[in-house]
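Colleague: Could you have a look at this structure, given as structure tokens, before my questions?
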Amino acid sequence: MSSSGHGHTPAAWTGVIISFIGFCVAGAFIVMANVPGFWAGMVLIGLGAVVGGVMRVAGLGSVPKSSAKPAPQVQPQEG
């Protein structure tokens with residue numbers, strides 16, 4: 001399972017860390033009944049997704065894998 005490399009890129013780590021911080025901020029402020037602080041945390045969660053996506057587009061994400069086997073070549077039958 002670990003050989004797939006899922007999420008082991010700077011883009012993935014950065015996006016998840018920013019989103020996790022946003023989750024913690026939103027959770028803390030919702031307990032303190034501070035609505036603007038909660039929404040600031042929610043904005044951080046969205047920002048984490050945007051930053052991760054921009055970093056992936058910039059080349060810091062994983063390269064999409066193509067199919068393992070090439071498509072078989074169809075050859076006409078003579079007969």
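Just so we're on the same page: first chain in the structure tokens is A, next is B, and so on; residues restart at 1 for each chain, and ligands are numbered from 1 in the order they show up.
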Which polymer residues have any atom within 9 Å of an atom of A:Val51, counting only C-alpha atoms, with same-chain residues fewer than 3 positions away left out, as a PyMOL selection string?
Modeller: chain A and resi 11+14-15+18+46-48+54-56
Colleague: Measuring between only C-alpha atoms, which one of A:Met42, A:Ala49, A:Val57, A:Val16 shows the shortest distance to A:Phe29?
Modeller: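 Distance minimum relative to A:Phe29 lands on A:Met42.
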Colleague: Any idea what the distance is between atom CA of A:Phe38 and atom CA of A:Val25?
Modeller: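 Calculated distance between atom CA of A:Phe38 and atom CA of A:Val25 is 6.9 Å.
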